[in-house]
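Printed here is work-v7.cif (mmCIF, C-alpha atoms and all ligand atoms):
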```
data_target
loop_
_atom_site.label_atom_id
_atom_site.label_comp_id
_atom_site.auth_asym_id
_atom_site.auth_seq_id
_atom_site.Cartn_x
_atom_site.Cartn_y
_atom_site.Cartn_z
CA MET P 1 -43.81 -62.12 1.02
CA SER P 2 -41.84 -62.42 4.23
CA GLU P 3 -39.13 -59.94 3.22
CA LYS P 4 -39.56 -56.17 2.93
CA LYS P 5 -39.12 -55.21 -0.72
CA GLY P 6 -36.14 -52.89 -1.03
CA LEU P 7 -35.45 -53.55 2.69
CA GLU P 8 -37.75 -50.63 3.52
CA GLY P 9 -37.66 -49.77 7.20
CA ILE P 10 -35.19 -52.55 8.05
CA VAL P 11 -32.52 -51.50 10.55
CA ALA P 12 -29.39 -53.22 9.20
CA THR P 13 -26.70 -51.81 11.49
CA GLU P 14 -25.96 -49.48 14.39
CA SER P 15 -24.12 -46.30 13.44
CA ARG P 16 -22.85 -43.20 15.23
CA ILE P 17 -22.36 -41.21 12.02
CA SER P 18 -25.65 -39.68 10.92
CA SER P 19 -29.21 -39.93 12.07
CA ILE P 20 -32.59 -39.25 10.45
CA ILE P 21 -35.61 -38.78 12.68
CA GLY P 22 -38.65 -37.50 10.82
CA SER P 23 -37.25 -34.62 8.78
CA GLN P 24 -34.36 -34.01 11.16
CA LEU P 25 -30.88 -34.95 9.93
CA THR P 26 -27.82 -34.85 12.16
CA TYR P 27 -24.15 -35.65 11.59
CA CYS P 28 -22.56 -36.99 14.81
CA GLY P 29 -25.15 -35.12 16.89
CA TYR P 30 -24.95 -31.79 15.01
CA GLU P 31 -28.07 -30.56 13.21
CA ILE P 32 -27.60 -30.30 9.45
CA ASP P 33 -28.89 -26.68 9.68
CA ASP P 34 -26.12 -25.76 12.09
CA LEU P 35 -23.46 -27.34 9.88
CA ALA P 36 -24.86 -26.01 6.59
CA GLU P 37 -24.87 -22.48 7.97
CA ASN P 38 -21.53 -22.53 9.74
CA ALA P 39 -19.17 -25.35 8.85
CA LEU P 40 -16.36 -25.74 6.39
CA PHE P 41 -16.58 -29.01 4.44
CA GLU P 42 -13.18 -30.13 5.83
CA GLU P 43 -14.53 -29.69 9.39
CA VAL P 44 -17.48 -31.92 8.50
CA VAL P 45 -15.19 -34.59 7.03
CA PHE P 46 -13.08 -34.53 10.21
CA LEU P 47 -16.28 -34.74 12.27
CA LEU P 48 -17.61 -37.76 10.36
CA TRP P 49 -14.30 -39.62 10.70
CA ASN P 50 -13.50 -38.67 14.31
CA ASP P 51 -16.91 -38.08 15.92
CA ARG P 52 -15.90 -34.55 16.98
CA LEU P 53 -15.12 -31.22 15.35
CA PRO P 54 -11.43 -30.30 14.98
CA ASN P 55 -9.76 -27.44 16.83
CA GLN P 56 -7.87 -24.86 14.73
CA THR P 57 -4.54 -26.72 14.85
CA GLU P 58 -6.20 -30.00 13.89
CA LEU P 59 -8.11 -28.33 11.06
CA ASP P 60 -4.95 -26.67 9.72
CA ASP P 61 -3.15 -29.99 9.83
CA PHE P 62 -6.07 -31.82 8.17
CA GLN P 63 -6.32 -29.25 5.38
CA ALA P 64 -2.57 -29.39 4.81
CA LYS P 65 -2.67 -33.19 4.53
CA LEU P 66 -5.58 -33.03 2.10
CA PHE P 67 -3.72 -30.48 0.00
CA ASP P 68 -0.54 -32.59 -0.01
CA HIS P 69 -2.43 -35.57 -1.42
CA MET P 70 -4.44 -33.75 -4.09
CA THR P 71 -1.88 -34.23 -6.84
CA LEU P 72 -2.52 -37.21 -9.13
CA ASN P 73 -0.13 -39.63 -10.80
CA PRO P 74 0.03 -38.46 -14.47
CA ARG P 75 -0.72 -42.01 -15.62
CA ILE P 76 -4.29 -41.24 -14.56
CA TYR P 77 -4.38 -38.44 -17.14
CA THR P 78 -3.50 -40.94 -19.88
CA HIS P 79 -6.42 -43.08 -18.76
CA PHE P 80 -8.70 -40.05 -18.84
CA GLU P 81 -7.66 -39.27 -22.42
CA GLU P 82 -8.86 -42.75 -23.38
CA TYR P 83 -12.13 -42.36 -21.45
CA ALA P 84 -12.70 -39.00 -23.12
CA ALA P 85 -12.02 -40.43 -26.58
CA ASP P 86 -14.55 -43.19 -25.86
CA LYS P 87 -17.02 -40.57 -24.56
CA ILE P 88 -17.70 -42.53 -21.40
CA HIS P 89 -19.92 -40.98 -18.77
CA PRO P 90 -17.85 -39.09 -16.13
CA MET P 91 -19.46 -41.16 -13.38
CA ALA P 92 -18.25 -44.36 -15.07
CA GLY P 93 -14.85 -42.69 -15.41
CA LEU P 94 -14.83 -41.76 -11.73
CA ARG P 95 -15.83 -45.28 -10.69
CA THR P 96 -12.92 -46.75 -12.68
CA ALA P 97 -10.50 -44.06 -11.52
CA LEU P 98 -11.31 -44.60 -7.83
CA SER P 99 -10.28 -48.20 -8.30
CA TYR P 100 -7.18 -47.22 -10.29
CA LEU P 101 -6.05 -44.90 -7.45
CA SER P 102 -5.19 -48.01 -5.42
CA HIS P 103 -2.50 -48.93 -7.94
CA PHE P 104 -0.48 -45.91 -6.83
CA ASP P 105 -0.85 -46.56 -3.10
CA GLU P 106 1.78 -48.97 -1.83
CA ASN P 107 -0.28 -49.46 1.35
CA ALA P 108 -3.53 -50.22 -0.48
CA GLU P 109 -3.68 -53.73 0.97
CA ASP P 110 -2.48 -52.78 4.48
CA MET P 111 -5.54 -53.09 6.73
CA SER P 112 -4.01 -51.49 9.85
CA ASP P 113 -5.88 -48.53 11.39
CA GLU P 114 -2.94 -46.29 10.57
CA ALA P 115 -2.91 -47.28 6.89
CA ASN P 116 -6.71 -46.89 6.67
CA GLN P 117 -6.54 -43.35 8.12
CA GLU P 118 -3.89 -42.54 5.54
CA LYS P 119 -5.98 -44.05 2.70
CA ALA P 120 -8.99 -42.04 3.86
CA ILE P 121 -7.10 -38.76 3.42
CA ARG P 122 -5.61 -39.82 0.09
CA ILE P 123 -8.98 -40.80 -1.38
CA GLN P 124 -10.79 -37.68 -0.12
CA ALA P 125 -7.99 -35.47 -1.42
CA LYS P 126 -7.75 -37.12 -4.82
CA VAL P 127 -11.45 -37.49 -5.62
CA ALA P 128 -11.77 -33.73 -6.24
CA SER P 129 -8.70 -33.80 -8.48
CA LEU P 130 -10.08 -36.78 -10.42
CA VAL P 131 -13.35 -35.03 -11.25
CA ALA P 132 -11.60 -31.78 -12.15
CA ALA P 133 -8.91 -33.47 -14.26
CA PHE P 134 -11.46 -35.56 -16.15
CA SER P 135 -13.55 -32.52 -16.95
CA ARG P 136 -10.54 -30.57 -18.24
CA ILE P 137 -8.95 -33.40 -20.22
CA ARG P 138 -12.14 -34.18 -22.10
CA SER P 139 -12.45 -30.51 -23.08
CA GLY P 140 -8.87 -30.54 -24.39
CA LYS P 141 -7.66 -28.26 -21.58
CA GLU P 142 -4.53 -28.46 -19.42
CA VAL P 143 -4.97 -30.10 -16.02
CA VAL P 144 -4.86 -27.49 -13.24
CA LYS P 145 -2.92 -28.38 -10.07
CA PRO P 146 -4.47 -27.44 -6.69
CA LYS P 147 -3.54 -24.08 -5.20
CA LYS P 148 -2.15 -23.76 -1.70
CA GLY P 149 -4.24 -21.58 0.60
CA LEU P 150 -7.58 -22.43 -1.02
CA ASN P 151 -10.03 -24.53 0.93
CA TYR P 152 -11.39 -27.82 -0.46
CA ALA P 153 -14.47 -26.32 -2.13
CA ALA P 154 -12.44 -23.50 -3.66
CA ASN P 155 -9.78 -25.89 -4.93
CA LEU P 156 -12.39 -28.15 -6.50
CA LEU P 157 -13.77 -25.17 -8.46
CA TYR P 158 -10.30 -23.81 -9.20
CA MET P 159 -9.08 -27.13 -10.62
CA MET P 160 -12.23 -27.44 -12.74
CA LYS P 161 -12.33 -23.91 -14.09
CA GLY P 162 -8.67 -22.89 -14.09
CA GLU P 163 -9.41 -19.60 -12.38
CA GLU P 164 -9.98 -18.70 -8.75
CA PRO P 165 -13.67 -18.78 -7.90
CA ASN P 166 -15.31 -15.82 -6.18
CA SER P 167 -16.50 -16.01 -2.57
CA THR P 168 -20.16 -16.59 -3.56
CA GLU P 169 -19.20 -19.62 -5.65
CA VAL P 170 -16.95 -21.01 -2.90
CA GLU P 171 -19.66 -20.54 -0.27
CA ALA P 172 -22.24 -22.26 -2.48
CA MET P 173 -19.96 -25.21 -3.28
CA ASN P 174 -18.92 -25.56 0.38
CA LYS P 175 -22.57 -25.66 1.45
CA ALA P 176 -23.45 -28.20 -1.25
CA LEU P 177 -20.54 -30.41 -0.13
CA VAL P 178 -21.62 -30.17 3.53
CA LEU P 179 -25.23 -31.06 2.64
CA HIS P 180 -24.25 -34.14 0.60
CA ALA P 181 -21.55 -35.56 2.91
CA ASP P 182 -23.44 -38.32 4.65
CA HIS P 183 -26.93 -39.75 4.86
CA GLU P 184 -27.29 -42.75 7.13
CA LEU P 185 -27.71 -46.05 5.29
CA ASN P 186 -28.44 -44.77 1.78
CA ALA P 187 -27.89 -47.24 -1.08
CA SER P 188 -24.29 -46.28 -1.91
CA THR P 189 -23.19 -46.22 1.74
CA PHE P 190 -24.82 -49.58 2.34
CA THR P 191 -23.00 -50.88 -0.75
CA ALA P 192 -19.68 -49.63 0.68
CA ARG P 193 -20.38 -51.36 3.98
CA VAL P 194 -21.40 -54.65 2.34
CA CYS P 195 -18.22 -54.56 0.25
CA VAL P 196 -15.76 -53.92 3.09
CA ALA P 197 -17.56 -56.28 5.48
CA THR P 198 -15.83 -59.04 3.48
CA LEU P 199 -12.65 -57.33 4.78
CA SER P 200 -11.96 -55.97 1.34
CA ASP P 201 -9.93 -52.74 1.15
CA MET P 202 -11.14 -49.13 1.25
CA TYR P 203 -10.57 -48.52 -2.48
CA SER P 204 -12.89 -51.45 -3.26
CA GLY P 205 -15.49 -50.00 -0.87
CA VAL P 206 -15.58 -46.55 -2.46
CA THR P 207 -15.50 -48.01 -5.98
CA ALA P 208 -18.52 -50.20 -5.22
CA ALA P 209 -20.29 -47.24 -3.64
CA ALA P 210 -19.64 -45.02 -6.67
CA GLY P 211 -21.32 -47.66 -8.82
CA ALA P 212 -24.41 -47.49 -6.62
CA LEU P 213 -24.49 -43.69 -6.49
CA LYS P 214 -24.44 -43.51 -10.29
CA GLY P 215 -27.98 -44.89 -10.68
CA PRO P 216 -30.88 -42.51 -11.44
CA LEU P 217 -32.86 -43.60 -8.37
CA HIS P 218 -29.95 -42.36 -6.22
CA GLY P 219 -27.21 -39.79 -6.99
CA GLY P 220 -27.78 -40.00 -10.74
CA ALA P 221 -31.10 -38.18 -10.31
CA ASN P 222 -29.54 -34.69 -10.25
CA GLU P 223 -28.34 -34.94 -13.86
CA ARG P 224 -31.80 -36.17 -14.93
CA VAL P 225 -33.46 -33.23 -13.17
CA MET P 226 -31.45 -30.89 -15.38
CA LYS P 227 -32.46 -32.88 -18.46
CA MET P 228 -36.11 -32.49 -17.44
CA LEU P 229 -35.68 -28.74 -16.89
CA GLY P 230 -34.22 -28.54 -20.40
CA GLU P 231 -37.19 -30.40 -21.88
CA ILE P 232 -39.75 -28.01 -20.36
CA GLU P 233 -40.02 -24.76 -22.26
CA SER P 234 -41.51 -22.53 -19.59
CA PRO P 235 -43.20 -22.67 -16.17
CA GLU P 236 -46.54 -22.64 -18.06
CA ALA P 237 -45.56 -25.87 -19.87
CA VAL P 238 -44.94 -27.80 -16.63
CA GLU P 239 -48.52 -29.05 -16.11
CA ASP P 240 -48.78 -30.68 -19.55
CA TYR P 241 -45.28 -32.11 -19.38
CA LEU P 242 -45.93 -33.75 -16.03
CA LYS P 243 -49.40 -34.94 -17.02
CA GLU P 244 -47.82 -36.99 -19.79
CA LYS P 245 -45.15 -38.33 -17.42
CA PHE P 246 -47.79 -39.39 -14.89
CA GLU P 247 -49.87 -41.06 -17.64
CA ASN P 248 -46.79 -43.03 -18.73
CA LYS P 249 -46.09 -43.92 -15.07
CA GLU P 250 -42.67 -42.28 -15.33
CA LYS P 251 -40.94 -41.11 -12.19
CA ILE P 252 -40.18 -37.44 -11.75
CA MET P 253 -36.51 -37.15 -10.96
CA GLY P 254 -35.49 -35.35 -7.78
CA MET P 255 -38.89 -35.96 -6.18
CA GLY P 256 -39.75 -38.38 -3.38
CA HIS P 257 -37.60 -40.17 -0.84
CA ARG P 258 -37.49 -43.59 0.78
CA VAL P 259 -37.13 -42.16 4.30
CA TYR P 260 -38.33 -38.55 4.27
CA LYS P 261 -42.06 -38.42 3.77
CA ASP P 262 -42.50 -34.87 5.13
CA GLY P 263 -39.62 -33.29 3.24
CA ASP P 264 -35.84 -33.47 2.93
CA PRO P 265 -34.23 -30.93 5.31
CA ARG P 266 -31.37 -30.33 2.84
CA ALA P 267 -33.64 -29.23 0.01
CA LYS P 268 -34.52 -25.82 1.50
CA TYR P 269 -30.87 -24.70 1.32
CA LEU P 270 -30.48 -25.84 -2.26
CA LYS P 271 -33.81 -24.21 -3.13
CA GLU P 272 -32.63 -20.83 -1.83
CA MET P 273 -29.25 -21.24 -3.53
CA SER P 274 -31.06 -22.10 -6.77
CA ARG P 275 -33.20 -18.95 -6.47
CA GLN P 276 -30.20 -16.71 -5.92
CA LEU P 277 -27.76 -18.27 -8.37
CA THR P 278 -30.17 -18.69 -11.30
CA GLN P 279 -31.11 -15.03 -10.83
CA GLU P 280 -27.43 -14.05 -10.88
CA ILE P 281 -26.75 -15.86 -14.17
CA GLY P 282 -29.90 -14.41 -15.74
CA GLU P 283 -31.78 -17.73 -15.94
CA PRO P 284 -34.46 -17.29 -13.26
CA GLU P 285 -36.88 -19.43 -15.31
CA LEU P 286 -34.90 -22.51 -14.26
CA TYR P 287 -35.87 -21.81 -10.67
CA GLU P 288 -39.43 -20.91 -11.67
CA LYS P 289 -39.84 -24.18 -13.59
CA SER P 290 -38.41 -26.09 -10.62
CA ILE P 291 -40.90 -24.46 -8.25
CA LYS P 292 -43.79 -25.29 -10.57
CA ILE P 293 -42.67 -28.94 -10.92
CA ALA P 294 -42.41 -29.29 -7.15
CA GLU P 295 -45.88 -27.75 -6.72
CA VAL P 296 -47.56 -30.05 -9.27
CA VAL P 297 -45.80 -33.24 -8.06
CA GLU P 298 -46.77 -32.46 -4.47
CA ARG P 299 -50.39 -31.77 -5.48
CA GLU P 300 -50.72 -34.87 -7.71
CA LYS P 301 -48.50 -37.39 -5.92
CA GLY P 302 -47.90 -35.99 -2.44
CA LEU P 303 -44.14 -36.13 -3.07
CA LEU P 304 -41.60 -33.48 -2.07
CA PRO P 305 -38.18 -32.48 -3.50
CA ASN P 306 -35.14 -34.44 -2.36
CA VAL P 307 -31.51 -33.28 -2.24
CA ASP P 308 -31.06 -33.94 -5.98
CA PHE P 309 -33.87 -31.64 -7.13
CA PHE P 310 -32.61 -28.09 -6.59
CA SER P 311 -28.93 -29.08 -6.66
CA ALA P 312 -29.34 -29.48 -10.43
CA SER P 313 -30.06 -25.80 -11.10
CA VAL P 314 -27.49 -24.81 -8.46
CA TYR P 315 -24.68 -26.72 -10.21
CA HIS P 316 -25.85 -25.50 -13.62
CA ALA P 317 -25.73 -21.91 -12.37
CA MET P 318 -22.18 -22.55 -11.14
CA GLY P 319 -21.22 -23.40 -14.71
CA ILE P 320 -20.75 -27.12 -14.07
CA ASP P 321 -21.37 -29.53 -16.97
CA HIS P 322 -24.57 -31.49 -16.38
CA ASP P 323 -22.92 -34.92 -16.52
CA LEU P 324 -20.56 -33.82 -13.74
CA PHE P 325 -23.38 -33.25 -11.23
CA THR P 326 -23.26 -36.82 -9.89
CA PRO P 327 -19.45 -36.90 -9.73
CA ILE P 328 -19.62 -33.68 -7.66
CA PHE P 329 -22.09 -35.45 -5.34
CA ALA P 330 -19.53 -38.29 -5.10
CA VAL P 331 -16.72 -35.87 -4.17
CA SER P 332 -18.70 -35.00 -1.07
CA ARG P 333 -20.21 -38.43 -0.33
CA VAL P 334 -16.78 -40.13 -0.39
CA SER P 335 -16.40 -38.61 3.09
CA GLY P 336 -19.51 -40.43 4.34
CA TRP P 337 -18.57 -43.69 2.61
CA ILE P 338 -15.17 -43.58 4.30
CA ALA P 339 -16.68 -42.81 7.71
CA HIS P 340 -18.96 -45.85 7.33
CA ILE P 341 -16.13 -48.05 6.03
CA LEU P 342 -14.02 -47.16 9.09
CA GLU P 343 -17.00 -47.80 11.35
CA GLN P 344 -17.64 -51.15 9.66
CA TYR P 345 -14.01 -52.23 10.18
CA GLU P 346 -14.23 -51.29 13.90
CA ASP P 347 -16.74 -54.03 14.69
CA ASN P 348 -17.03 -56.10 11.54
CA ARG P 349 -19.22 -59.03 10.69
CA LEU P 350 -19.84 -60.30 7.15
CA ILE P 351 -23.10 -58.84 5.77
CA ARG P 352 -24.95 -61.77 4.24
CA PRO P 353 -28.75 -61.75 4.39
CA ARG P 354 -31.00 -64.53 3.04
CA ALA P 355 -33.38 -64.64 0.07
CA GLU P 356 -36.75 -66.33 0.10
CA TYR P 357 -36.68 -68.84 -2.77
CA VAL P 358 -39.63 -68.47 -5.16
CA GLY P 359 -38.21 -70.29 -8.20
CA GLN P 360 -38.96 -73.67 -9.79
CA THR P 361 -38.40 -76.90 -7.90
CA GLY P 362 -37.83 -80.57 -8.73
CA LYS P 363 -36.36 -80.02 -12.20
CA LYS P 364 -34.23 -82.73 -13.85
CA TYR P 365 -31.33 -82.07 -16.21
CA GLU P 366 -32.24 -82.80 -19.86
CA ALA P 367 -29.71 -83.43 -22.60
CA ILE P 368 -29.44 -80.34 -24.82
CA GLU P 369 -30.90 -82.03 -27.94
CA LYS P 370 -34.08 -82.79 -25.99
CA ARG P 371 -34.77 -79.17 -24.97
C1 LIG U 401 -29.66 -38.72 -3.01
C2 LIG U 401 -30.83 -39.57 -3.28
O1 LIG U 401 -30.66 -40.73 -3.55
S1 LIG U 401 -32.35 -38.88 -3.14
C3 LIG U 401 -33.35 -39.86 -4.26
C4 LIG U 401 -32.99 -39.56 -5.70
N1 LIG U 401 -33.87 -40.28 -6.65
C5 LIG U 401 -34.83 -39.68 -7.32
O2 LIG U 401 -35.06 -38.50 -7.22
C6 LIG U 401 -35.60 -40.56 -8.29
C7 LIG U 401 -37.08 -40.31 -8.21
N2 LIG U 401 -37.63 -40.80 -6.96
C8 LIG U 401 -37.86 -42.14 -6.78
O3 LIG U 401 -37.67 -42.96 -7.69
C9 LIG U 401 -38.36 -42.59 -5.43
O4 LIG U 401 -39.08 -41.57 -4.80
C10 LIG U 401 -37.21 -43.08 -4.53
C11 LIG U 401 -36.46 -44.21 -5.23
C12 LIG U 401 -36.25 -41.95 -4.22
C13 LIG U 401 -37.79 -43.58 -3.21
O5 LIG U 401 -38.61 -44.59 -3.52
P1 LIG U 401 -39.58 -45.41 -2.55
O6 LIG U 401 -39.93 -44.66 -1.37
O7 LIG U 401 -39.00 -46.73 -2.42
O8 LIG U 401 -40.86 -45.43 -3.44
P2 LIG U 401 -41.17 -46.40 -4.68
O9 LIG U 401 -40.18 -46.26 -5.76
O10 LIG U 401 -41.44 -47.76 -4.14
O11 LIG U 401 -42.53 -45.70 -5.13
C14 LIG U 401 -43.75 -45.76 -4.38
C15 LIG U 401 -44.86 -45.15 -5.22
O12 LIG U 401 -44.61 -43.75 -5.37
C16 LIG U 401 -44.39 -43.44 -6.73
N3 LIG U 401 -43.25 -42.55 -6.82
C17 LIG U 401 -42.19 -42.50 -6.00
N4 LIG U 401 -41.34 -41.56 -6.41
C18 LIG U 401 -41.89 -40.99 -7.49
C19 LIG U 401 -41.49 -39.96 -8.34
N5 LIG U 401 -40.34 -39.33 -8.18
N6 LIG U 401 -42.30 -39.62 -9.37
C20 LIG U 401 -43.46 -40.25 -9.55
N7 LIG U 401 -43.89 -41.24 -8.77
C21 LIG U 401 -43.12 -41.61 -7.76
C22 LIG U 401 -44.04 -44.77 -7.42
O13 LIG U 401 -44.30 -44.75 -8.77
C23 LIG U 401 -44.90 -45.71 -6.63
O14 LIG U 401 -46.22 -45.60 -7.08
P3 LIG U 401 -47.20 -46.88 -7.12
O15 LIG U 401 -47.29 -47.34 -5.69
O16 LIG U 401 -48.45 -46.34 -7.69
O17 LIG U 401 -46.52 -47.90 -7.99
O1 LIG U 402 -30.81 -41.68 1.94
C1 LIG U 402 -31.18 -42.00 0.80
O2 LIG U 402 -31.85 -43.01 0.53
C2 LIG U 402 -30.82 -41.15 -0.35
C3 LIG U 402 -30.31 -39.81 0.02
O3 LIG U 402 -31.05 -38.90 0.28
C4 LIG U 402 -28.87 -39.62 0.12
O4 LIG U 402 -28.10 -40.57 -0.08
O5 LIG U 402 -28.43 -38.48 0.41
#
```
Is it possible to express this structure as structure tokens?
Amino acid sequence: MSEKKGLEGIVATESRISSIIGSQLTYCGYEIDDLAENALFEEVVFLLWNDRLPNQTELDDFQAKLFDHMTLNPRIYTHFEEYAADKIHPMAGLRTALSYLSHFDENAEDMSDEANQEKAIRIQAKVASLVAAFSRIRSGKEVVKPKKGLNYAANLLYMMKGEEPNSTEVEAMNKALVLHADHELNASTFTARVCVATLSDMYSGVTAAAGALKGPLHGGANERVMKMLGEIESPEAVEDYLKEKFENKEKIMGMGHRVYKDGDPRAKYLKEMSRQLTQEIGEPELYEKSIKIAEVVEREKGLLPNVDFFSASVYHAMGIDHDLFTPIFAVSRVSGWIAHILEQYEDNRLIRPRAEYVGQTGKKYEAIEKR
């Protein structure tokens, strides 16, 4: 085979946005540790889009613009009522809604830099509102409008829960958003770049990317991790549970990574958050089961937890519905998709690789009654 299956190790573009070397991840030159410990999610979004951190005036202005665009057209709520009645998965709902957002943007087709900057803010602002509104509408609750003065992470939680989150919850959500914001040429980001390299619009790029993130081998793994934790009764039951999975050649969700072979640098933060938060809600066994799973999978398969592994128990402890875990990932990753879309537009060329043909040759058309 002349191609690399799954394009493993292939460098498909240059990028200034994030870099992975060994187990070191940086956003625009800043170590993920530095950002996870210190940065506000909005600062990270500004950084990814502008290649530098904002000063206070720029941050205030950026946050104000995000706040101004958080409100949704009520026609979206009507859509959500239909999705809820049909019990569609929230990630399918989000994918459709990201596309629908373009219907309310009169500059959706304007490809100027100015219009694209404006679209970037609108999409980032509205994605949090979409996830929150969907979750409330399907539970028969009133949609909650964003609250002035709250940061992005706090507003996301506020719009979901209808009450102001405490500082521990805001800090945890902010850190989770920072950790998920960008990750080099992961599958959904690559999808976004392939889509807009045809010079399609930004809404199409993020919609395509959301479709890719939804899959269980990518962002959809976090929801499956929670399902697995629910299926295992106790830390003592982990060995037998995993033995059966290994025998059936099933993959263990949240474990392993295409690029990181010595560990995902984001996982340690989510691990610590999982320890603290599951303790606080009185469900420490969720953390204990997670630790045992990680230990057995490392021993048997040499695989380590990725970003989706401990985020599951973190989001659960924050009271988030399990099928909203991947949409929450998307709320953060939209920032990275947009950064890559803008970068793709800057120096675009159609992305169109080749396939090695391995099919039949020399066939002749036969009339249908002869087949
Ligand atoms: C945000 C993110 O997207 S992080 C990734 C989220 N996805 C998951 O957590 C899903 C579970 N993990 C996986 O499926 C994989 O580790 C991936 C897709 C993340 C990376 O995959 P790759 O590096 O391409 O490995 P690939 O899928 O080719 O597997 C290589 C071998 O390791 C095994 N393997 C890889 N991951 C796992 C796993 N989680 N559990 C069990 N076995 C695994 C495969 O079965 C395969 O074994 P084989 O060679 O005996 O057939
Ligand atoms: O980079 C990848 O392949 C998957 C990943 O960890 C991410 O998207 O955050």
What separation in Å, quoted to one decimal, exists between atom N7 of ligand LIG 401 (chain U) and atom CA of P:Leu229?
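If I compute the distance from atom N7 of ligand LIG 401 (chain U) to atom CA of P:Leu229, I get 17.0 Å.
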As a quick test: using only C-alpha atoms and all ligand atoms, which residues lie no more than 9 Å away from ligand LIG 402 (chain U)? Give them as number ranges by chain.
P: 179-189, 213, 217-219, 257-260, 264, 266, 306-308, 333
What separation in Å, quoted to one decimal, exists between atom CA of P:Met91 and atom CA of P:Leu324?
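Value for the atom CA of P:Met91-atom CA of P:Leu324 distance: 7.4 Å.
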Selection near P:Lys301, 10 Å with all atoms listed in the file, sequence-local residues under 2 positions removed, as a list in words
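Here the answer would be Phe246, Met255, Gly256, Val296, Val297, Glu298, Arg299, Leu303 and Leu304 of chain P.
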Measure the distance from atom CA of P:Glu58 to atom CA of P:Glu43 in Å and round it to one decimal.
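Atom CA of P:Glu58 sits 9.5 Å away from atom CA of P:Glu43.
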Between P:Ile88, P:Leu59, P:Ala209, P:Ile291, which one has atoms that come closest to P:Val238, using all atoms listed in the file?
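Nearest candidate to P:Val238 out of P:Ile88, P:Leu59, P:Ala209, P:Ile291: P:Ile291.
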With distances taken over only C-alpha atoms, which of P:Ala339, P:Ile281, P:Ile32, P:Ile320 is nearest to P:Lys161?
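Smallest distance to P:Lys161 is found for P:Ile320.
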List the spatial neighbours of P:Glu3 as a ChimeraX atom specification - criterion: any atom at most 10 Å away, all atoms listed in the file, same-chain residues fewer than 2 positions off excluded.
/P:1,5-8,10,354-356
Save the residues we just selected, C-alpha atoms, as a compact mmCIF listing (two decimals), keeping the file's coordinate frame?
```
# COMPACT_ATOMS: atom_id res chain seq x y z
CA MET P 1 -43.81 -62.12 1.02
CA LYS P 5 -39.12 -55.21 -0.72
CA GLY P 6 -36.14 -52.89 -1.03
CA LEU P 7 -35.45 -53.55 2.69
CA GLU P 8 -37.75 -50.63 3.52
CA ILE P 10 -35.19 -52.55 8.05
CA ARG P 354 -31.00 -64.53 3.04
CA ALA P 355 -33.38 -64.64 0.07
CA GLU P 356 -36.75 -66.33 0.10
```
Under the rule that all atoms listed in the file are counted, which of P:Arg224, P:His316, P:Arg193, P:Arg136 is the nearest residue to P:Gly254?
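Smallest distance to P:Gly254 is found for P:Arg224.
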What box, with edges along x, y and z, holds each listed atom of stretch 264-275 of chain P when 3 Å is added on every side, and can you state its centre and edge lengths in Å to one decimal, as JSON?
```
{"center_x": -32.5, "center_y": -26.2, "center_z": -0.7, "size_x": 12.6, "size_y": 20.5, "size_z": 18.1}
```
If we count all atoms listed in the file and set the cut-off at 9 Å, which residues sit around P:Glu223, ignoring sequence neighbours fewer than 3 positions away in its own chain? Please answer as a PyMOL selection string.
chain P and resi 216+219-220+226-228+253+308+312+322-326
